[in-house]
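What follows is the content of query_0.cif (mmCIF, C-alpha atoms).
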data_model
#
loop_
_atom_site.group_PDB
_atom_site.id
_atom_site.type_symbol
_atom_site.label_atom_id
_atom_site.label_comp_id
_atom_site.auth_asym_id
_atom_site.auth_seq_id
_atom_site.Cartn_x
_atom_site.Cartn_y
_atom_site.Cartn_z
ATOM 1 C CA MET A 1 0.000 0.000 0.000
ATOM 2 C CA SER A 2 1.255 3.453 -0.873
ATOM 3 C CA ASP A 3 0.711 6.174 1.704
ATOM 4 C CA THR A 4 -0.396 9.140 -0.391
ATOM 5 C CA ASN A 5 -2.449 10.876 2.292
ATOM 6 C CA GLU A 6 -4.068 13.064 -0.367
ATOM 7 C CA LYS A 7 -6.368 15.570 1.337
ATOM 8 C CA PHE A 8 -10.066 15.942 0.538
ATOM 9 C CA ASP A 9 -12.753 18.096 2.098
ATOM 10 C CA TYR A 10 -15.268 15.266 2.000
ATOM 11 C CA ILE A 11 -14.732 11.516 1.702
ATOM 12 C CA ILE A 12 -17.732 9.303 1.030
ATOM 13 C CA ILE A 13 -17.454 5.597 1.761
ATOM 14 C CA GLY A 14 -20.051 3.797 -0.327
ATOM 15 C CA ALA A 15 -21.187 4.565 -3.877
ATOM 16 C CA GLY A 16 -24.834 3.614 -3.671
ATOM 17 C CA VAL A 17 -27.470 6.213 -4.431
ATOM 18 C CA ALA A 18 -26.960 7.957 -1.069
ATOM 19 C CA GLY A 19 -23.222 8.262 -1.681
ATOM 20 C CA LEU A 20 -23.608 9.347 -5.308
ATOM 21 C CA ALA A 21 -26.235 11.963 -4.458
ATOM 22 C CA SER A 22 -24.046 13.299 -1.671
ATOM 23 C CA ALA A 23 -21.049 13.428 -3.999
ATOM 24 C CA GLN A 24 -22.999 15.411 -6.569
ATOM 25 C CA TYR A 25 -24.240 17.966 -4.029
ATOM 26 C CA ALA A 26 -20.867 18.264 -2.305
ATOM 27 C CA ALA A 27 -18.822 18.653 -5.487
ATOM 28 C CA ARG A 28 -21.300 21.114 -6.939
ATOM 29 C CA GLY A 29 -21.036 23.067 -3.685
ATOM 30 C CA GLY A 30 -17.291 23.392 -4.039
ATOM 31 C CA LEU A 31 -16.049 20.609 -1.767
ATOM 32 C CA LYS A 32 -13.126 18.502 -2.949
ATOM 33 C CA THR A 33 -14.942 15.173 -2.880
ATOM 34 C CA LEU A 34 -13.797 11.550 -3.007
ATOM 35 C CA VAL A 35 -16.066 8.487 -3.213
ATOM 36 C CA ILE A 36 -14.690 5.033 -2.380
ATOM 37 C CA ASP A 37 -16.495 1.732 -2.883
ATOM 38 C CA VAL A 38 -15.318 -1.846 -3.185
ATOM 39 C CA SER A 39 -17.841 -2.430 -5.998
ATOM 40 C CA ILE A 40 -19.070 -0.506 -9.023
ATOM 41 C CA PRO A 41 -21.211 2.554 -8.217
ATOM 42 C CA GLY A 42 -24.925 2.002 -7.672
ATOM 43 C CA GLY A 43 -25.243 -0.436 -4.803
ATOM 44 C CA GLN A 44 -28.592 -2.141 -4.312
ATOM 45 C CA ALA A 45 -30.277 0.156 -6.827
ATOM 46 C CA LEU A 46 -28.416 -1.615 -9.633
ATOM 47 C CA THR A 47 -30.711 -4.618 -9.135
ATOM 48 C CA ILE A 48 -33.951 -2.664 -9.687
ATOM 49 C CA PRO A 49 -35.391 -3.826 -13.020
ATOM 50 C CA THR A 50 -37.658 -0.789 -13.455
ATOM 51 C CA LEU A 51 -37.478 2.289 -11.234
ATOM 52 C CA GLU A 52 -41.035 3.515 -11.585
ATOM 53 C CA ASN A 53 -41.653 5.491 -8.379
ATOM 54 C CA TYR A 54 -38.805 8.015 -8.350
ATOM 55 C CA PRO A 55 -40.317 11.503 -8.669
ATOM 56 C CA GLY A 56 -39.609 13.119 -12.013
ATOM 57 C CA VAL A 57 -38.132 9.992 -13.613
ATOM 58 C CA TYR A 58 -40.809 9.112 -16.139
ATOM 59 C CA PRO A 59 -40.925 7.006 -18.229
ATOM 60 C CA ALA A 60 -39.214 4.647 -15.817
ATOM 61 C CA LEU A 61 -35.519 3.764 -16.066
ATOM 62 C CA SER A 62 -33.681 0.607 -15.131
ATOM 63 C CA GLY A 63 -31.727 0.824 -11.892
ATOM 64 C CA THR A 64 -28.531 0.380 -13.890
ATOM 65 C CA GLN A 65 -29.222 3.391 -16.113
ATOM 66 C CA PHE A 66 -30.378 5.515 -13.170
ATOM 67 C CA CYS A 67 -27.147 4.791 -11.277
ATOM 68 C CA GLN A 68 -25.005 5.470 -14.325
ATOM 69 C CA ASN A 69 -26.725 8.838 -14.712
ATOM 70 C CA MET A 70 -26.017 9.610 -11.050
ATOM 71 C CA ARG A 71 -22.364 8.685 -11.456
ATOM 72 C CA ASP A 72 -21.995 10.795 -14.594
ATOM 73 C CA GLN A 73 -23.623 13.729 -12.826
ATOM 74 C CA ALA A 74 -21.389 13.477 -9.744
ATOM 75 C CA GLU A 75 -18.224 13.167 -11.828
ATOM 76 C CA GLY A 76 -19.431 15.994 -14.054
ATOM 77 C CA PHE A 77 -19.369 18.288 -11.025
ATOM 78 C CA GLY A 78 -15.857 17.151 -10.132
ATOM 79 C CA ALA A 79 -16.266 14.286 -7.663
ATOM 80 C CA VAL A 80 -13.572 11.589 -7.824
ATOM 81 C CA ILE A 81 -14.852 7.994 -7.663
ATOM 82 C CA ILE A 82 -12.468 5.093 -7.062
ATOM 83 C CA GLN A 83 -12.980 1.361 -6.583
ATOM 84 C CA SER A 84 -11.127 0.064 -3.548
ATOM 85 C CA GLU A 85 -11.793 -1.575 -0.191
ATOM 86 C CA VAL A 86 -11.652 0.669 2.866
ATOM 87 C CA GLN A 87 -9.868 -1.083 5.718
ATOM 88 C CA SER A 88 -10.030 1.502 8.478
ATOM 89 C CA ILE A 89 -11.208 4.956 9.517
ATOM 90 C CA ASP A 90 -9.255 6.820 12.199
ATOM 91 C CA LYS A 91 -9.599 10.277 13.695
ATOM 92 C CA VAL A 92 -6.282 12.118 13.420
ATOM 93 C CA GLY A 93 -6.546 15.511 15.093
ATOM 94 C CA SER A 94 -9.478 17.293 13.474
ATOM 95 C CA ASP A 95 -9.287 15.138 10.333
ATOM 96 C CA PHE A 96 -10.033 11.538 9.393
ATOM 97 C CA LYS A 97 -7.549 9.089 7.903
ATOM 98 C CA ILE A 98 -9.050 6.557 5.500
ATOM 99 C CA VAL A 99 -6.890 3.538 4.727
ATOM 100 C CA THR A 100 -7.669 1.349 1.709
ATOM 101 C CA ARG A 101 -5.867 -1.680 0.286
ATOM 102 C CA LYS A 102 -3.856 0.556 -2.041
ATOM 103 C CA ASP A 103 -3.684 4.065 -0.583
ATOM 104 C CA SER A 104 -4.591 6.285 2.324
ATOM 105 C CA TYR A 105 -6.478 9.572 2.266
ATOM 106 C CA ILE A 106 -7.174 12.427 4.650
ATOM 107 C CA GLY A 107 -10.651 13.909 4.894
ATOM 108 C CA THR A 108 -11.943 16.893 6.794
ATOM 109 C CA CYS A 109 -15.246 15.072 7.107
ATOM 110 C CA VAL A 110 -16.532 11.629 6.157
ATOM 111 C CA LEU A 111 -19.857 10.146 5.117
ATOM 112 C CA ILE A 112 -20.604 6.484 5.829
ATOM 113 C CA ALA A 113 -22.953 5.280 3.090
ATOM 114 C CA THR A 114 -22.052 1.587 2.982
ATOM 115 C CA GLY A 115 -25.687 0.498 2.957
ATOM 116 C CA ALA A 116 -26.910 -2.933 3.925
ATOM 117 C CA GLU A 117 -26.400 -6.481 2.664
ATOM 118 C CA HIS A 118 -28.831 -9.323 2.153
ATOM 119 C CA ARG A 119 -29.789 -11.290 5.251
ATOM 120 C CA LYS A 120 -29.483 -15.052 4.958
ATOM 121 C CA LEU A 121 -32.075 -17.526 6.188
ATOM 122 C CA GLY A 122 -29.502 -19.745 7.882
ATOM 123 C CA VAL A 123 -31.155 -22.969 6.760
ATOM 124 C CA PRO A 124 -29.450 -26.190 5.609
ATOM 125 C CA GLY A 125 -28.447 -26.083 1.962
ATOM 126 C CA GLU A 126 -28.442 -22.286 1.650
ATOM 127 C CA ASP A 127 -24.689 -21.751 1.745
ATOM 128 C CA LYS A 128 -23.848 -24.979 -0.091
ATOM 129 C CA LEU A 129 -26.122 -24.128 -3.005
ATOM 130 C CA GLU A 130 -25.458 -20.391 -3.218
ATOM 131 C CA GLY A 131 -24.614 -19.677 -6.838
ATOM 132 C CA ARG A 132 -26.101 -23.033 -7.789
ATOM 133 C CA GLY A 133 -29.728 -21.984 -7.673
ATOM 134 C CA VAL A 134 -29.748 -20.017 -4.418
ATOM 135 C CA SER A 135 -29.550 -16.295 -5.156
ATOM 136 C CA TYR A 136 -30.202 -12.903 -3.573
ATOM 137 C CA CYS A 137 -30.475 -10.943 -6.831
ATOM 138 C CA ALA A 138 -33.169 -11.707 -9.384
ATOM 139 C CA THR A 139 -31.899 -9.377 -12.073
ATOM 140 C CA CYS A 140 -28.408 -10.845 -11.701
ATOM 141 C CA ASP A 141 -29.350 -14.536 -11.831
ATOM 142 C CA GLY A 142 -32.960 -14.709 -12.991
ATOM 143 C CA PRO A 143 -32.114 -15.080 -16.702
ATOM 144 C CA PHE A 144 -30.320 -18.347 -15.899
ATOM 145 C CA PHE A 145 -33.683 -19.830 -14.881
ATOM 146 C CA ARG A 146 -35.848 -18.800 -17.782
ATOM 147 C CA ASN A 147 -38.895 -21.085 -18.088
ATOM 148 C CA ARG A 148 -37.929 -22.925 -14.884
ATOM 149 C CA LYS A 149 -39.660 -23.361 -11.523
ATOM 150 C CA ILE A 150 -38.675 -20.578 -9.138
ATOM 151 C CA PHE A 151 -39.397 -19.952 -5.444
ATOM 152 C CA VAL A 152 -39.084 -16.473 -3.921
ATOM 153 C CA ILE A 153 -38.750 -16.099 -0.153
ATOM 154 C CA GLY A 154 -40.011 -12.942 1.575
ATOM 155 C CA GLY A 155 -42.997 -10.631 1.767
ATOM 156 C CA GLY A 156 -41.657 -7.095 1.551
ATOM 157 C CA ASP A 157 -41.256 -4.681 -1.352
ATOM 158 C CA SER A 158 -38.051 -6.299 -2.584
ATOM 159 C CA ALA A 159 -39.474 -9.824 -2.595
ATOM 160 C CA CYS A 160 -42.606 -8.724 -4.448
ATOM 161 C CA ASP A 161 -40.685 -6.629 -6.971
ATOM 162 C CA GLU A 162 -38.249 -9.431 -7.664
ATOM 163 C CA ALA A 163 -41.057 -11.977 -7.995
ATOM 164 C CA MET A 164 -42.730 -9.708 -10.539
ATOM 165 C CA TYR A 165 -39.498 -9.462 -12.500
ATOM 166 C CA LEU A 166 -38.978 -13.228 -12.398
ATOM 167 C CA SER A 167 -42.520 -13.715 -13.716
ATOM 168 C CA THR A 168 -41.345 -12.088 -16.945
ATOM 169 C CA LEU A 169 -38.895 -14.977 -17.342
ATOM 170 C CA THR A 170 -41.107 -17.899 -16.360
ATOM 171 C CA ASP A 171 -44.767 -18.734 -15.772
ATOM 172 C CA ASP A 172 -43.951 -20.691 -12.591
ATOM 173 C CA VAL A 173 -43.050 -18.390 -9.679
ATOM 174 C CA THR A 174 -44.041 -19.153 -6.084
ATOM 175 C CA LEU A 175 -43.609 -16.576 -3.336
ATOM 176 C CA VAL A 176 -43.362 -17.874 0.243
ATOM 177 C CA HIS A 177 -44.116 -15.628 3.225
ATOM 178 C CA ARG A 178 -44.060 -16.620 6.888
ATOM 179 C CA ARG A 179 -47.079 -14.459 7.781
ATOM 180 C CA ASP A 180 -50.666 -14.320 6.524
ATOM 181 C CA THR A 181 -50.333 -10.946 4.778
ATOM 182 C CA LEU A 182 -47.574 -9.347 2.724
ATOM 183 C CA ARG A 183 -45.453 -6.581 4.289
ATOM 184 C CA ALA A 184 -45.012 -4.767 0.991
ATOM 185 C CA GLN A 185 -46.649 -1.446 0.202
ATOM 186 C CA LYS A 186 -50.257 -1.946 -0.852
ATOM 187 C CA ALA A 187 -49.692 -0.997 -4.499
ATOM 188 C CA VAL A 188 -46.765 -3.413 -4.745
ATOM 189 C CA ALA A 189 -48.624 -6.233 -2.977
ATOM 190 C CA ASP A 190 -51.800 -5.760 -5.017
ATOM 191 C CA ARG A 191 -49.854 -5.922 -8.258
ATOM 192 C CA LEU A 192 -48.177 -9.147 -7.201
ATOM 193 C CA LEU A 193 -51.388 -10.808 -6.038
ATOM 194 C CA ALA A 194 -53.037 -9.960 -9.357
ATOM 195 C CA ASN A 195 -50.237 -11.597 -11.352
ATOM 196 C CA PRO A 196 -51.461 -14.984 -12.669
ATOM 197 C CA LYS A 197 -47.884 -16.218 -13.026
ATOM 198 C CA VAL A 198 -47.160 -15.870 -9.308
ATOM 199 C CA LYS A 199 -48.550 -18.211 -6.656
ATOM 200 C CA VAL A 200 -48.310 -17.142 -3.004
ATOM 201 C CA ILE A 201 -47.912 -19.514 -0.063
ATOM 202 C CA PHE A 202 -48.680 -17.769 3.222
ATOM 203 C CA ASN A 203 -47.816 -18.926 6.755
ATOM 204 C CA ALA A 204 -44.770 -20.926 5.703
ATOM 205 C CA LYS A 205 -41.018 -20.769 6.281
ATOM 206 C CA VAL A 206 -38.097 -22.507 4.632
ATOM 207 C CA LYS A 207 -36.859 -25.562 6.490
ATOM 208 C CA GLU A 208 -34.221 -26.766 4.022
ATOM 209 C CA ILE A 209 -32.999 -26.220 0.467
ATOM 210 C CA LYS A 210 -32.031 -29.502 -1.165
ATOM 211 C CA GLY A 211 -29.976 -30.531 -4.154
ATOM 212 C CA GLU A 212 -26.785 -32.183 -5.337
ATOM 213 C CA GLY A 213 -24.693 -29.677 -7.229
ATOM 214 C CA ARG A 214 -27.743 -27.499 -7.876
ATOM 215 C CA VAL A 215 -31.087 -26.645 -6.275
ATOM 216 C CA GLN A 216 -33.604 -29.456 -6.802
ATOM 217 C CA SER A 217 -36.241 -28.916 -4.110
ATOM 218 C CA ILE A 218 -37.267 -26.861 -1.106
ATOM 219 C CA GLU A 219 -38.830 -27.957 2.176
ATOM 220 C CA LEU A 220 -41.412 -25.635 3.726
ATOM 221 C CA GLU A 221 -42.733 -25.733 7.274
ATOM 222 C CA ASP A 222 -46.254 -24.487 7.954
ATOM 223 C CA THR A 223 -46.019 -21.855 10.709
ATOM 224 C CA THR A 224 -49.517 -22.675 11.989
ATOM 225 C CA ASP A 225 -49.375 -26.459 12.410
ATOM 226 C CA GLY A 226 -45.720 -27.403 11.869
ATOM 227 C CA SER A 227 -46.390 -29.683 8.908
ATOM 228 C CA VAL A 228 -43.613 -30.000 6.322
ATOM 229 C CA THR A 229 -43.990 -30.179 2.563
ATOM 230 C CA GLU A 230 -41.383 -30.610 -0.155
ATOM 231 C CA HIS A 231 -41.599 -28.822 -3.505
ATOM 232 C CA GLN A 232 -39.538 -29.429 -6.623
ATOM 233 C CA CYS A 233 -37.844 -26.289 -7.948
ATOM 234 C CA ASP A 234 -34.838 -25.058 -9.886
ATOM 235 C CA ALA A 235 -34.020 -21.857 -8.010
ATOM 236 C CA VAL A 236 -34.639 -20.126 -4.686
ATOM 237 C CA PHE A 237 -34.381 -16.325 -4.546
ATOM 238 C CA ILE A 238 -34.151 -15.034 -0.980
ATOM 239 C CA PHE A 239 -35.260 -11.548 0.101
ATOM 240 C CA ALA A 240 -35.443 -11.798 3.892
ATOM 241 C CA GLY A 241 -34.309 -8.326 4.848
ATOM 242 C CA MET A 242 -30.977 -6.593 5.158
ATOM 243 C CA ASN A 243 -28.102 -6.240 7.616
ATOM 244 C CA PRO A 244 -26.442 -2.800 7.811
ATOM 245 C CA VAL A 245 -22.749 -2.792 6.874
ATOM 246 C CA THR A 246 -21.309 -1.054 9.937
ATOM 247 C CA GLN A 247 -18.002 -2.889 10.461
ATOM 248 C CA LEU A 248 -15.957 0.270 9.884
ATOM 249 C CA VAL A 249 -17.820 2.281 12.525
ATOM 250 C CA GLU A 250 -18.744 -0.170 15.251
ATOM 251 C CA MET A 251 -18.068 2.533 17.842
ATOM 252 C CA LEU A 252 -21.123 4.572 16.786
ATOM 253 C CA PRO A 253 -24.478 4.223 18.593
ATOM 254 C CA LYS A 254 -27.002 2.034 16.780
ATOM 255 C CA ASP A 255 -30.673 1.137 17.083
ATOM 256 C CA GLU A 256 -32.025 -2.319 17.896
ATOM 257 C CA GLY A 257 -31.645 -3.356 14.258
ATOM 258 C CA GLY A 258 -27.974 -2.359 14.152
ATOM 259 C CA TYR A 259 -28.549 0.786 12.061
ATOM 260 C CA ILE A 260 -26.503 3.910 12.845
ATOM 261 C CA LYS A 261 -28.272 6.659 14.762
ATOM 262 C CA THR A 262 -28.035 10.187 13.354
ATOM 263 C CA ASP A 263 -29.855 13.463 13.811
ATOM 264 C CA ASP A 264 -31.937 15.077 11.064
ATOM 265 C CA ASP A 265 -28.758 16.559 9.539
ATOM 266 C CA MET A 266 -27.199 13.079 9.151
ATOM 267 C CA LYS A 267 -24.695 13.855 11.914
ATOM 268 C CA THR A 268 -23.434 11.039 14.143
ATOM 269 C CA LEU A 269 -22.104 11.610 17.649
ATOM 270 C CA MET A 270 -18.594 12.081 16.219
ATOM 271 C CA PRO A 271 -18.093 15.605 14.800
ATOM 272 C CA GLY A 272 -17.411 15.518 11.085
ATOM 273 C CA LEU A 273 -18.708 11.969 10.651
ATOM 274 C CA TYR A 274 -22.062 11.464 8.908
ATOM 275 C CA ALA A 275 -24.231 8.509 7.894
ATOM 276 C CA ALA A 276 -26.792 8.301 5.087
ATOM 277 C CA GLY A 277 -28.889 5.807 3.176
ATOM 278 C CA ASP A 278 -29.771 2.257 4.163
ATOM 279 C CA ILE A 279 -27.152 2.166 6.920
ATOM 280 C CA ARG A 280 -28.976 4.881 8.864
ATOM 281 C CA SER A 281 -31.712 4.331 11.441
ATOM 282 C CA LYS A 282 -35.010 5.450 9.911
ATOM 283 C CA SER A 283 -38.536 4.235 9.247
ATOM 284 C CA PHE A 284 -38.540 4.075 5.443
ATOM 285 C CA ARG A 285 -35.818 2.913 3.057
ATOM 286 C CA GLN A 286 -36.265 3.729 -0.615
ATOM 287 C CA VAL A 287 -34.084 5.178 -3.371
ATOM 288 C CA VAL A 288 -35.712 8.581 -2.876
ATOM 289 C CA THR A 289 -35.022 8.634 0.882
ATOM 290 C CA ALA A 290 -31.409 7.544 0.364
ATOM 291 C CA VAL A 291 -30.895 10.354 -2.140
ATOM 292 C CA SER A 292 -32.422 12.809 0.318
ATOM 293 C CA ASP A 293 -30.106 11.592 3.085
ATOM 294 C CA GLY A 294 -27.096 12.051 0.846
ATOM 295 C CA ALA A 295 -28.052 15.582 -0.139
ATOM 296 C CA ILE A 296 -28.623 16.583 3.488
ATOM 297 C CA ALA A 297 -25.294 15.041 4.532
ATOM 298 C CA ALA A 298 -23.477 17.021 1.840
ATOM 299 C CA HIS A 299 -25.116 20.243 3.024
ATOM 300 C CA SER A 300 -24.127 19.508 6.626
ATOM 301 C CA ALA A 301 -20.584 18.615 5.589
ATOM 302 C CA GLY A 302 -20.277 21.855 3.612
ATOM 303 C CA GLU A 303 -21.203 23.884 6.681
ATOM 304 C CA TYR A 304 -18.764 21.879 8.799
ATOM 305 C CA VAL A 305 -15.865 22.427 6.384
ATOM 306 C CA ARG A 306 -16.573 26.151 5.980
ATOM 307 C CA ASN A 307 -16.821 26.695 9.734
ATOM 308 C CA LEU A 308 -13.595 24.794 10.337
ATOM 309 C CA LYS A 309 -11.740 26.791 7.677
ATOM 310 C CA ALA A 310 -13.105 30.031 9.121
ATOM 311 C CA LYS A 311 -11.709 29.154 12.558
ATOM 312 C CA ILE A 312 -8.312 28.340 11.073
#
Step by step, read the file and then write its structure as structure tokens.
Amino acid sequence: MSDTNEKFDYIIIGAGVAGLASAQYAARGGLKTLVIDVSIPGGQALTIPTLENYPGVYPALSGTQFCQNMRDQAEGFGAVIIQSEVQSIDKVGSDFKIVTRKDSYIGTCVLIATGAEHRKLGVPGEDKLEGRGVSYCATCDGPFFRNRKIFVIGGGDSACDEAMYLSTLTDDVTLVHRRDTLRAQKAVADRLLANPKVKVIFNAKVKEIKGEGRVQSIELEDTTDGSVTEHQCDAVFIFAGMNPVTQLVEMLPKDEGGYIKTDDDMKTLMPGLYAAGDIRSKSFRQVVTAVSDGAIAAHSAGEYVRNLKAKI
């Protein structure tokens, strides 16, 4: 690793929509801005087949195109975006030192926008068959199972949206939810329930995913009477919630779900350190709320940098 220690006003860790929105606002506002992510920019939004509920984006765009537009916009205003893995964040005087696998950087303030990752079910066969029919991304892996029998696990917006997408690839999609009603927004749930290609099994949970070398069947346990049934299938797509990616900032206060607590300005308890997007404790997680978080964080960071420079 080289030790460049290049100085930035604002370093954003995570290039999902919260990070990209924050980069655009910060760079446009005159802050020297760096975005670091281990993956390509876009985060979870890259998996959205059709982004139809973002205000002002009509006709709808794919998540991939939306994220590319955001990246182009942020870079157009001068933000620097690099792909690297951040290994540590340390407070050095009034600044922050960010160490990656290749370089290190100094930031006057930092935004944590590392988002959340898919939660696993923890059932037998899940890990063994991941990539062999078990998946957490329908748009990534769905085309491999065109005209095959697919099970989708979950009952929230993501599960319903992904089941709808998968129904464009096959006529045999079954959604399994452990409760008797879907958790998704009413419009999303109603659209799914009206889809003749999607069958819904309520009050059931996955007991085991079976197969030799690939997914061949799934065992479901009825949550009301404990009975177990086995169903032949070719793929199992799991959407059972998310776990916030907070390993870099374990010292910050979190809510009961492990999400970072901030105030309305995206400030954490550490001066100069902000959090935005799916990693932040809040009641509603959507692309539009992540973008809002990022914009607010950039505004707060701009004030912080200007005040610090004024004191110096």
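Put simply, the PyMOL selection byres ((chain A and resi 119-124) around 9) in this file takes in Ala116, Glu117, His118, Gly125, Glu126, Asp127, Lys128, Tyr136, Val206, Lys207, Glu208, Ile209, Lys210, Ile238, Phe239, Ala240, Gly241, Met242 and Asn243 of chain A.
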Can you give me, as a compact mmCIF listing (two decimals) with C-alpha atoms, keeping the file's coordinate frame, the residues this file yields under the PyMOL selection byres ((chain A and resi 301-304) around 9)?
# COMPACT_ATOMS: atom_id res chain seq x y z
CA ASP A 9 -12.75 18.10 2.10
CA TYR A 10 -15.27 15.27 2.00
CA ALA A 26 -20.87 18.26 -2.31
CA GLY A 29 -21.04 23.07 -3.68
CA GLY A 30 -17.29 23.39 -4.04
CA LEU A 31 -16.05 20.61 -1.77
CA THR A 108 -11.94 16.89 6.79
CA CYS A 109 -15.25 15.07 7.11
CA VAL A 110 -16.53 11.63 6.16
CA LEU A 111 -19.86 10.15 5.12
CA LYS A 267 -24.70 13.86 11.91
CA PRO A 271 -18.09 15.60 14.80
CA GLY A 272 -17.41 15.52 11.08
CA LEU A 273 -18.71 11.97 10.65
CA TYR A 274 -22.06 11.46 8.91
CA ILE A 296 -28.62 16.58 3.49
CA ALA A 297 -25.29 15.04 4.53
CA ALA A 298 -23.48 17.02 1.84
CA HIS A 299 -25.12 20.24 3.02
CA SER A 300 -24.13 19.51 6.63
CA VAL A 305 -15.86 22.43 6.38
CA ARG A 306 -16.57 26.15 5.98
CA ASN A 307 -16.82 26.70 9.73
CA LEU A 308 -13.60 24.79 10.34
CA LYS A 309 -11.74 26.79 7.68
**OP:** Give the answer as one residue: which of A:Val176, A:Phe202, A:Cys160, A:Gly14 has the shortest atom-to-atom distance to Asp190 of chain A, using all atoms listed in the file?
**Re:** A:Cys160
**OP:** Run the PyMOL selection byres ((chain A and resi 95) around 7) mentally over the shown coordinates, then write out the matched residues as JSON, numbers by chain, using the chain letters and numbers from the document.
**Re:** {"A": [91, 92, 93, 94, 96, 97, 106, 107, 108, 109]}
**OP:** Rank nothing, just name the residue among A:Cys137, A:Ile98, A:Val188, A:Ala15 nearest to Ala79 of chain A, using only C-alpha atoms.
**Re:** A:Ala15
Original post:
Which residue, A:Leu192, A:Ser135, A:Leu248, A:Thr33, has the smallest gap to Glu75 of chain A when you use all atoms listed in the file?
Top reply: A:Thr33
Original post:
Smallest atom-to-atom distance to Ile82 of chain A: which of A:Pro55, A:Ala45, A:Ser39, A:Ser281, using only C-alpha atoms?
Top reply: A:Ser39
Original post:
Using only C-alpha atoms, which residues sit within 10 Å of Gly211 of chain A once same-chain residues fewer than 3 positions away are excluded, as a count of residues only?
Top reply: 14
**OP:** Figure out the distance between atom CA of Phe237 of chain A and atom CA of Gly63 of chain A, please, to one decimal in Å.
**Re:**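 Here the two named atoms are 18.8 Å from each other.
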Subject >> d(atom CA of Gly156 of chain A, atom CA of Cys140 of chain A) in Å >> reply: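 Answer for the atom CA of Gly156 of chain A to atom CA of Cys140 of chain A separation: 19.1 Å.
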